[in-house]
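Colleague: What follows is coords.pdb, made up of PDB, C-alpha atoms, pLDDT in the B column:
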MODEL        1
ATOM      1  CA  MET P 742      10.363 -72.301 -23.957  1.00 97.00           C
ATOM      2  CA  ARG P 743      12.753 -69.399 -24.408  1.00 98.00           C
ATOM      3  CA  ALA P 744      11.122 -68.664 -27.782  1.00 98.00           C
ATOM      4  CA  ALA P 745       7.716 -68.621 -26.059  1.00 98.00           C
ATOM      5  CA  LEU P 746       9.091 -66.192 -23.463  1.00 98.00           C
ATOM      6  CA  ARG P 747      10.308 -63.899 -26.254  1.00 98.00           C
ATOM      7  CA  GLU P 748       6.777 -63.962 -27.681  1.00 98.00           C
ATOM      8  CA  ALA P 749       5.376 -63.088 -24.241  1.00 98.00           C
ATOM      9  CA  GLU P 750       7.753 -60.120 -24.087  1.00 97.00           C
ATOM     10  CA  ARG P 751       6.412 -58.963 -27.477  1.00 97.00           C
ATOM     11  CA  ALA P 752       2.879 -59.127 -26.076  1.00 97.00           C
ATOM     12  CA  ALA P 753       3.896 -56.981 -23.082  1.00 96.00           C
ATOM     13  CA  ARG P 754       5.456 -54.371 -25.390  1.00 95.00           C
ATOM     14  CA  GLU P 755       2.103 -54.246 -27.229  1.00 96.00           C
ATOM     15  CA  ASP P 756       0.301 -53.811 -23.872  1.00 95.00           C
ATOM     16  CA  GLU P 757      -1.260 -57.272 -24.185  1.00 96.00           C
ATOM     17  CA  VAL P 758      -1.160 -59.782 -21.321  1.00 96.00           C
ATOM     18  CA  PRO P 759       2.319 -61.315 -21.715  1.00 97.00           C
ATOM     19  CA  VAL P 760       1.664 -64.858 -22.859  1.00 98.00           C
ATOM     20  CA  GLY P 761       3.672 -66.482 -25.617  1.00 98.00           C
ATOM     21  CA  ALA P 762       3.438 -69.807 -27.404  1.00 98.00           C
ATOM     22  CA  VAL P 763       5.365 -71.833 -29.966  1.00 98.00           C
ATOM     23  CA  VAL P 764       4.558 -75.085 -31.746  1.00 98.00           C
ATOM     24  CA  VAL P 765       7.436 -77.481 -32.385  1.00 98.00           C
ATOM     25  CA  ARG P 766       7.443 -80.388 -34.814  1.00 98.00           C
ATOM     26  CA  HIS P 767      10.445 -82.657 -35.401  1.00 97.00           C
ATOM     27  CA  GLY P 768      12.602 -80.326 -33.292  1.00 97.00           C
ATOM     28  CA  ARG P 769      11.771 -77.191 -35.307  1.00 98.00           C
ATOM     29  CA  ILE P 770       9.529 -74.259 -34.467  1.00 98.00           C
ATOM     30  CA  ILE P 771       6.727 -74.228 -37.029  1.00 98.00           C
ATOM     31  CA  ALA P 772       4.596 -71.523 -35.387  1.00 98.00           C
ATOM     32  CA  ARG P 773       4.982 -68.754 -32.838  1.00 98.00           C
ATOM     33  CA  ALA P 774       2.480 -66.286 -31.427  1.00 98.00           C
ATOM     34  CA  HIS P 775       1.654 -64.052 -28.502  1.00 98.00           C
ATOM     35  CA  ASN P 776      -1.572 -62.772 -26.988  1.00 98.00           C
ATOM     36  CA  ARG P 777      -3.400 -60.360 -29.325  1.00 98.00           C
ATOM     37  CA  PRO P 778      -7.054 -60.073 -28.201  1.00 97.00           C
ATOM     38  CA  LEU P 779      -6.847 -56.291 -27.798  1.00 96.00           C
ATOM     39  CA  HIS P 780      -5.091 -55.597 -31.096  1.00 96.00           C
ATOM     40  CA  LEU P 781      -7.205 -58.034 -33.093  1.00 97.00           C
ATOM     41  CA  ASN P 782     -10.407 -57.208 -31.194  1.00 97.00           C
ATOM     42  CA  ASP P 783     -10.872 -60.967 -30.864  1.00 98.00           C
ATOM     43  CA  PRO P 784     -11.544 -62.765 -27.573  1.00 97.00           C
ATOM     44  CA  THR P 785     -10.119 -65.998 -29.041  1.00 98.00           C
ATOM     45  CA  ALA P 786      -6.764 -64.439 -29.961  1.00 98.00           C
ATOM     46  CA  HIS P 787      -4.840 -66.137 -27.164  1.00 98.00           C
ATOM     47  CA  ALA P 788      -1.228 -67.045 -27.900  1.00 98.00           C
ATOM     48  CA  GLU P 789      -2.008 -70.766 -27.972  1.00 98.00           C
ATOM     49  CA  VAL P 790      -4.904 -70.460 -30.420  1.00 98.00           C
ATOM     50  CA  LEU P 791      -2.944 -68.178 -32.740  1.00 98.00           C
ATOM     51  CA  ALA P 792       0.041 -70.552 -32.686  1.00 98.00           C
ATOM     52  CA  LEU P 793      -2.186 -73.567 -33.386  1.00 98.00           C
ATOM     53  CA  ARG P 794      -3.827 -71.755 -36.317  1.00 98.00           C
ATOM     54  CA  GLN P 795      -0.437 -70.841 -37.765  1.00 98.00           C
ATOM     55  CA  ALA P 796       0.875 -74.401 -37.334  1.00 98.00           C
ATOM     56  CA  ALA P 797      -2.205 -75.841 -39.047  1.00 98.00           C
ATOM     57  CA  ARG P 798      -1.727 -73.482 -42.008  1.00 98.00           C
ATOM     58  CA  ARG P 799       1.962 -74.384 -42.257  1.00 98.00           C
ATOM     59  CA  THR P 800       1.357 -78.126 -42.123  1.00 98.00           C
ATOM     60  CA  GLY P 801      -1.777 -78.048 -44.254  1.00 98.00           C
ATOM     61  CA  ASN P 802      -3.632 -80.033 -41.606  1.00 98.00           C
ATOM     62  CA  TYR P 803      -5.659 -79.043 -38.556  1.00 97.00           C
ATOM     63  CA  ARG P 804      -4.462 -82.219 -36.856  1.00 98.00           C
ATOM     64  CA  LEU P 805      -1.091 -81.439 -35.327  1.00 98.00           C
ATOM     65  CA  ASN P 806      -0.073 -84.988 -34.469  1.00 97.00           C
ATOM     66  CA  GLY P 807       3.461 -85.233 -33.170  1.00 97.00           C
ATOM     67  CA  CYS P 808       3.620 -81.540 -32.241  1.00 98.00           C
ATOM     68  CA  THR P 809       4.542 -79.958 -28.918  1.00 98.00           C
ATOM     69  CA  LEU P 810       3.016 -76.682 -27.770  1.00 98.00           C
ATOM     70  CA  TYR P 811       5.195 -74.571 -25.469  1.00 98.00           C
ATOM     71  CA  VAL P 812       3.342 -71.811 -23.624  1.00 98.00           C
ATOM     72  CA  THR P 813       4.428 -69.503 -20.836  1.00 98.00           C
ATOM     73  CA  ILE P 814       1.349 -70.031 -18.661  1.00 97.00           C
ATOM     74  CA  GLU P 815      -1.099 -72.844 -18.004  1.00 98.00           C
ATOM     75  CA  PRO P 816      -3.741 -72.745 -20.759  1.00 98.00           C
ATOM     76  CA  CYS P 817      -7.358 -71.747 -20.180  1.00 98.00           C
ATOM     77  CA  ALA P 818     -10.357 -73.939 -21.034  1.00 97.00           C
ATOM     78  CA  MET P 819     -10.661 -72.560 -24.573  1.00 98.00           C
ATOM     79  CA  CYS P 820      -6.993 -73.183 -25.348  1.00 98.00           C
ATOM     80  CA  ALA P 821      -7.008 -76.621 -23.734  1.00 97.00           C
ATOM     81  CA  GLY P 822     -10.017 -77.568 -25.841  1.00 96.00           C
ATOM     82  CA  ALA P 823      -8.278 -76.346 -28.983  1.00 98.00           C
ATOM     83  CA  MET P 824      -5.251 -78.514 -28.141  1.00 98.00           C
ATOM     84  CA  VAL P 825      -7.454 -81.577 -27.822  1.00 97.00           C
ATOM     85  CA  HIS P 826      -9.117 -80.887 -31.185  1.00 97.00           C
ATOM     86  CA  ALA P 827      -5.715 -80.295 -32.807  1.00 98.00           C
ATOM     87  CA  ARG P 828      -4.397 -83.550 -31.318  1.00 98.00           C
ATOM     88  CA  ILE P 829      -1.335 -81.891 -29.818  1.00 98.00           C
ATOM     89  CA  GLN P 830       0.985 -84.620 -28.540  1.00 98.00           C
ATOM     90  CA  ARG P 831       2.626 -82.695 -25.728  1.00 98.00           C
ATOM     91  CA  LEU P 832       2.114 -79.467 -23.784  1.00 98.00           C
ATOM     92  CA  VAL P 833       4.986 -77.770 -21.984  1.00 98.00           C
ATOM     93  CA  PHE P 834       4.043 -74.759 -19.888  1.00 98.00           C
ATOM     94  CA  GLY P 835       5.709 -72.352 -17.487  1.00 98.00           C
ATOM     95  CA  SER P 836       3.689 -70.984 -14.592  1.00 97.00           C
ATOM     96  CA  ARG P 837       0.403 -72.262 -13.221  1.00 97.00           C
ATOM     97  CA  GLU P 838      -2.748 -70.157 -13.535  1.00 96.00           C
ATOM     98  CA  PRO P 839      -4.795 -70.627 -10.350  1.00 94.00           C
ATOM     99  CA  LYS P 840      -7.798 -68.590 -11.554  1.00 95.00           C
ATOM    100  CA  ALA P 841      -8.361 -70.021 -15.048  1.00 95.00           C
ATOM    101  CA  GLY P 842      -5.823 -72.782 -15.667  1.00 97.00           C
ATOM    102  CA  ALA P 843      -7.531 -75.757 -17.328  1.00 97.00           C
ATOM    103  CA  VAL P 844      -4.721 -78.287 -16.903  1.00 96.00           C
ATOM    104  CA  GLY P 845      -5.505 -78.874 -13.256  1.00 94.00           C
ATOM    105  CA  SER P 846      -5.112 -75.593 -11.376  1.00 95.00           C
ATOM    106  CA  ALA P 847      -8.715 -74.349 -11.646  1.00 95.00           C
ATOM    107  CA  LEU P 848     -10.251 -76.792 -14.117  1.00 94.00           C
ATOM    108  CA  ARG P 849      -9.310 -80.071 -15.739  1.00 94.00           C
ATOM    109  CA  VAL P 850     -10.244 -79.741 -19.408  1.00 93.00           C
ATOM    110  CA  LEU P 851      -7.044 -81.161 -20.821  1.00 93.00           C
ATOM    111  CA  ASN P 852      -6.987 -84.936 -20.295  1.00 92.00           C
ATOM    112  CA  HIS P 853     -10.516 -84.992 -18.918  1.00 93.00           C
ATOM    113  CA  PRO P 854     -11.621 -88.657 -18.662  1.00 93.00           C
ATOM    114  CA  LYS P 855     -14.580 -88.069 -21.037  1.00 94.00           C
ATOM    115  CA  LEU P 856     -12.305 -86.858 -23.871  1.00 93.00           C
ATOM    116  CA  ASN P 857     -10.835 -89.188 -26.467  1.00 91.00           C
ATOM    117  CA  HIS P 858      -7.380 -87.609 -26.742  1.00 95.00           C
ATOM    118  CA  ARG P 859      -4.604 -87.447 -24.150  1.00 95.00           C
ATOM    119  CA  VAL P 860      -1.858 -84.854 -24.100  1.00 97.00           C
ATOM    120  CA  GLU P 861       1.444 -85.420 -22.341  1.00 98.00           C
ATOM    121  CA  VAL P 862       1.965 -82.489 -19.945  1.00 98.00           C
ATOM    122  CA  VAL P 863       5.206 -81.010 -18.626  1.00 98.00           C
ATOM    123  CA  ARG P 864       4.681 -78.279 -16.005  1.00 97.00           C
ATOM    124  CA  GLY P 865       6.906 -75.613 -14.534  1.00 97.00           C
ATOM    125  CA  VAL P 866       9.486 -75.093 -17.299  1.00 98.00           C
ATOM    126  CA  LEU P 867      10.995 -71.617 -16.774  1.00 97.00           C
ATOM    127  CA  ALA P 868       8.055 -70.957 -14.445  1.00 97.00           C
ATOM    128  CA  ALA P 869       9.793 -68.172 -12.509  1.00 97.00           C
ATOM    129  CA  GLU P 870      10.576 -66.224 -15.693  1.00 97.00           C
ATOM    130  CA  SER P 871       7.016 -66.671 -16.976  1.00 96.00           C
ATOM    131  CA  ALA P 872       5.462 -65.616 -13.672  1.00 96.00           C
ATOM    132  CA  SER P 873       7.802 -62.634 -13.403  1.00 96.00           C
ATOM    133  CA  LEU P 874       6.648 -61.261 -16.772  1.00 95.00           C
ATOM    134  CA  LEU P 875       3.030 -61.506 -15.673  1.00 94.00           C
ATOM    135  CA  HIS P 876       3.651 -59.959 -12.242  1.00 94.00           C
ATOM    136  CA  GLU P 877       5.584 -57.029 -13.728  1.00 94.00           C
ATOM    137  CA  PHE P 878       2.876 -56.443 -16.323  1.00 93.00           C
ATOM    138  CA  PHE P 879       0.019 -56.403 -13.824  1.00 90.00           C
ATOM    139  CA  ASP P 880       2.003 -54.380 -11.249  1.00 89.00           C
ATOM    140  CA  ARG P 881       2.602 -51.748 -13.940  1.00 89.00           C
ATOM    141  CA  ARG P 882      -1.081 -51.763 -14.911  1.00 83.00           C
ATOM    142  CA  ARG P 883      -2.187 -51.338 -11.299  1.00 84.00           C
ATOM    143  CA  SER P 884       0.242 -48.475 -10.699  1.00 83.00           C
ATOM    144  CA  GLU P 885      -0.890 -46.712 -13.895  1.00 79.00           C
ATOM    145  CA  ALA P 886      -4.535 -47.080 -12.851  1.00 72.00           C
ATOM    146  CA  ARG P 887      -3.932 -45.833  -9.302  1.00 66.00           C
ATOM    147  CA  PRO P 888      -5.393 -42.347  -8.808  1.00 66.00           C
ATOM    148  CA  ARG P 889      -2.693 -39.771  -8.108  1.00 59.00           C
ATOM    149  CA  LEU P 890      -2.890 -37.424  -5.160  1.00 59.00           C
ATOM    150  CA  PRO P 891      -2.346 -33.696  -5.899  1.00 63.00           C
ATOM    151  CA  ASP P 892       1.130 -33.624  -4.303  1.00 60.00           C
ATOM    152  CA  GLU P 893       2.425 -36.724  -6.149  1.00 54.00           C
TER     153      GLU P 893
ENDMDL
END
How would this structure read if it were set down as structure tokens?
Modeller:
Amino acid sequence: MRAALREAERAAREDEVPVGAVVVRHGRIIARAHNRPLHLNDPTAHAEVLALRQAARRTGNYRLNGCTLYVTIEPCAMCAGAMVHARIQRLVFGSREPKAGAVGSALRVLNHPKLNHRVEVVRGVLAAESASLLHEFFDRRRSEARPRLPDE
């Protein structure tokens, strides 16, 4: 999860929402990514999707059986769906995402009873650190967007 946090920090430095992800297979990181929708002009360029794409290229297979995805925040519906299609074995995430989290906070896409694949889920790993990165990022954005009074 620390590697995913480092990726999230890279995203923040690039002025992207600070989310990071890594894919681990047999105890080794085989892919790492951070949010890039702004820089790639791609609405699907979430950290999870980019990490899954990289892992599939590295393994030569879009099925990532036996892999664990570590991500700093609860995945959205798109990312949860991608994990199901990739057959990720386990998801480990940091902080919950009450507005768009699709692992139970707002939606339940991952492990939905109608789907044919189940993902083991571990929640709350380094959650405070993950949440702190997001809060700092959005606090900074709000303060930069706040109109300044003439005497400020």
Colleague: Nearest to Lys840 (chain P) among P:Glu815, P:Ala823, P:Val860, P:Glu748, with distances taken over only C-alpha atoms: which residue is it?
Modeller: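 Smallest separation from Lys840 (chain P) among the options: P:Glu815.
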Colleague: Counting all atoms listed in the file, find the residues whose atoms lie at most 8 Å from (5.2, -77.8, -33.2) (file coordinates) and write them out as a list in words.
Modeller: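 Within 8 Å of (5.2, -77.8, -33.2), the protein and nucleic acid residues are Val763, Val764, Val765, Arg766, His767, Gly768, Arg769, Ile770, Ile771, Ala772, Ala796, Leu805, Gly807, Cys808, Thr809 and Leu810 of chain P.
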Colleague: Could you tell me which residues the PyMOL selection byres ((chain P and resi 874) around 9) grabs in this file, written as a CSV table (one decimal) with C-alpha atoms, in the coordinates of the input?
Modeller:
chain,number,residue,atom,x,y,z
P,746,LEU,CA,9.1,-66.2,-23.5
P,749,ALA,CA,5.4,-63.1,-24.2
P,750,GLU,CA,7.8,-60.1,-24.1
P,753,ALA,CA,3.9,-57.0,-23.1
P,759,PRO,CA,2.3,-61.3,-21.7
P,760,VAL,CA,1.7,-64.9,-22.9
P,869,ALA,CA,9.8,-68.2,-12.5
P,870,GLU,CA,10.6,-66.2,-15.7
P,871,SER,CA,7.0,-66.7,-17.0
P,872,ALA,CA,5.5,-65.6,-13.7
P,873,SER,CA,7.8,-62.6,-13.4
P,875,LEU,CA,3.0,-61.5,-15.7
P,876,HIS,CA,3.7,-60.0,-12.2
P,877,GLU,CA,5.6,-57.0,-13.7
P,878,PHE,CA,2.9,-56.4,-16.3
P,879,PHE,CA,0.0,-56.4,-13.8
Colleague: Might you spell out which residues the PyMOL selection byres ((chain P and resi 757) around 9) would select in the displayed file, as a PyMOL selection string?
Modeller: chain P and resi 749+751-756+758-760+775-780+878
Colleague: Evaluating the PyMOL selection byres ((chain P and resi 820) around 12) on the displayed file yields which residues, as an mmCIF file with C-alpha atoms, in the coordinates of the input?
Modeller:
data_model
loop_
_atom_site.group_PDB
_atom_site.id
_atom_site.type_symbol
_atom_site.label_atom_id
_atom_site.label_comp_id
_atom_site.auth_asym_id
_atom_site.auth_seq_id
_atom_site.Cartn_x
_atom_site.Cartn_y
_atom_site.Cartn_z
ATOM 1 C CA ALA P 762 3.438 -69.807 -27.404
ATOM 2 C CA ASN P 776 -1.572 -62.772 -26.988
ATOM 3 C CA PRO P 784 -11.544 -62.765 -27.573
ATOM 4 C CA THR P 785 -10.119 -65.998 -29.041
ATOM 5 C CA ALA P 786 -6.764 -64.439 -29.961
ATOM 6 C CA HIS P 787 -4.840 -66.137 -27.164
ATOM 7 C CA ALA P 788 -1.228 -67.045 -27.900
ATOM 8 C CA GLU P 789 -2.008 -70.766 -27.972
ATOM 9 C CA VAL P 790 -4.904 -70.460 -30.420
ATOM 10 C CA LEU P 791 -2.944 -68.178 -32.740
ATOM 11 C CA ALA P 792 0.041 -70.552 -32.686
ATOM 12 C CA LEU P 793 -2.186 -73.567 -33.386
ATOM 13 C CA ARG P 794 -3.827 -71.755 -36.317
ATOM 14 C CA LEU P 810 3.016 -76.682 -27.770
ATOM 15 C CA VAL P 812 3.342 -71.811 -23.624
ATOM 16 C CA ILE P 814 1.349 -70.031 -18.661
ATOM 17 C CA GLU P 815 -1.099 -72.844 -18.004
ATOM 18 C CA PRO P 816 -3.741 -72.745 -20.759
ATOM 19 C CA CYS P 817 -7.358 -71.747 -20.180
ATOM 20 C CA ALA P 818 -10.357 -73.939 -21.034
ATOM 21 C CA MET P 819 -10.661 -72.560 -24.573
ATOM 22 C CA ALA P 821 -7.008 -76.621 -23.734
ATOM 23 C CA GLY P 822 -10.017 -77.568 -25.841
ATOM 24 C CA ALA P 823 -8.278 -76.346 -28.983
ATOM 25 C CA MET P 824 -5.251 -78.514 -28.141
ATOM 26 C CA VAL P 825 -7.454 -81.577 -27.822
ATOM 27 C CA HIS P 826 -9.117 -80.887 -31.185
ATOM 28 C CA ALA P 827 -5.715 -80.295 -32.807
ATOM 29 C CA ILE P 829 -1.335 -81.891 -29.818
ATOM 30 C CA LEU P 832 2.114 -79.467 -23.784
ATOM 31 C CA ALA P 841 -8.361 -70.021 -15.048
ATOM 32 C CA GLY P 842 -5.823 -72.782 -15.667
ATOM 33 C CA ALA P 843 -7.531 -75.757 -17.328
ATOM 34 C CA VAL P 844 -4.721 -78.287 -16.903
ATOM 35 C CA VAL P 850 -10.244 -79.741 -19.408
ATOM 36 C CA LEU P 851 -7.044 -81.161 -20.821
#
Colleague: Calculate how many Å separate CA of Arg743 (chain P) from CA of Leu867 (chain P), rounding to one decimal.
Modeller: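 Those two atoms sit 8.1 Å apart.
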Colleague: So how far away is CA of Val833 (chain P) from CA of Val863 (chain P), in Å?
Modeller: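 Taking CA of Val863 (chain P) as the start and CA of Val833 (chain P) as the end point, the length is 4.7 Å.
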Colleague: So how many Å separate CA of Arg828 (chain P) and CA of Asn782 (chain P), to one decimal?
Modeller: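 CA of Asn782 (chain P) lies at a distance of 27.0 Å from CA of Arg828 (chain P).
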Colleague: With all atoms listed in the file as the counted atoms, please give the residues lying no more than 8 Å from Val866 (chain P), apart from itself and same-chain residues fewer than 5 positions off, as a list in words.
Modeller: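 Residues near the query, excluding close chain neighbours: Met742, Val833, Phe834, Gly835 and Ser836 of chain P.
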Colleague: If you take every atom of region 848-866 of chain P that the file lists and fit an axis-aligned box around them with 4 Å extra on each side, what centre and edge lengths come out in Å to one decimal, as lines of an AutoDock Vina configuration file?
Modeller:
center_x = -2.5
center_y = -82.1
center_z = -20.4
size_x = 32.1
size_y = 22.1
size_z = 20.6
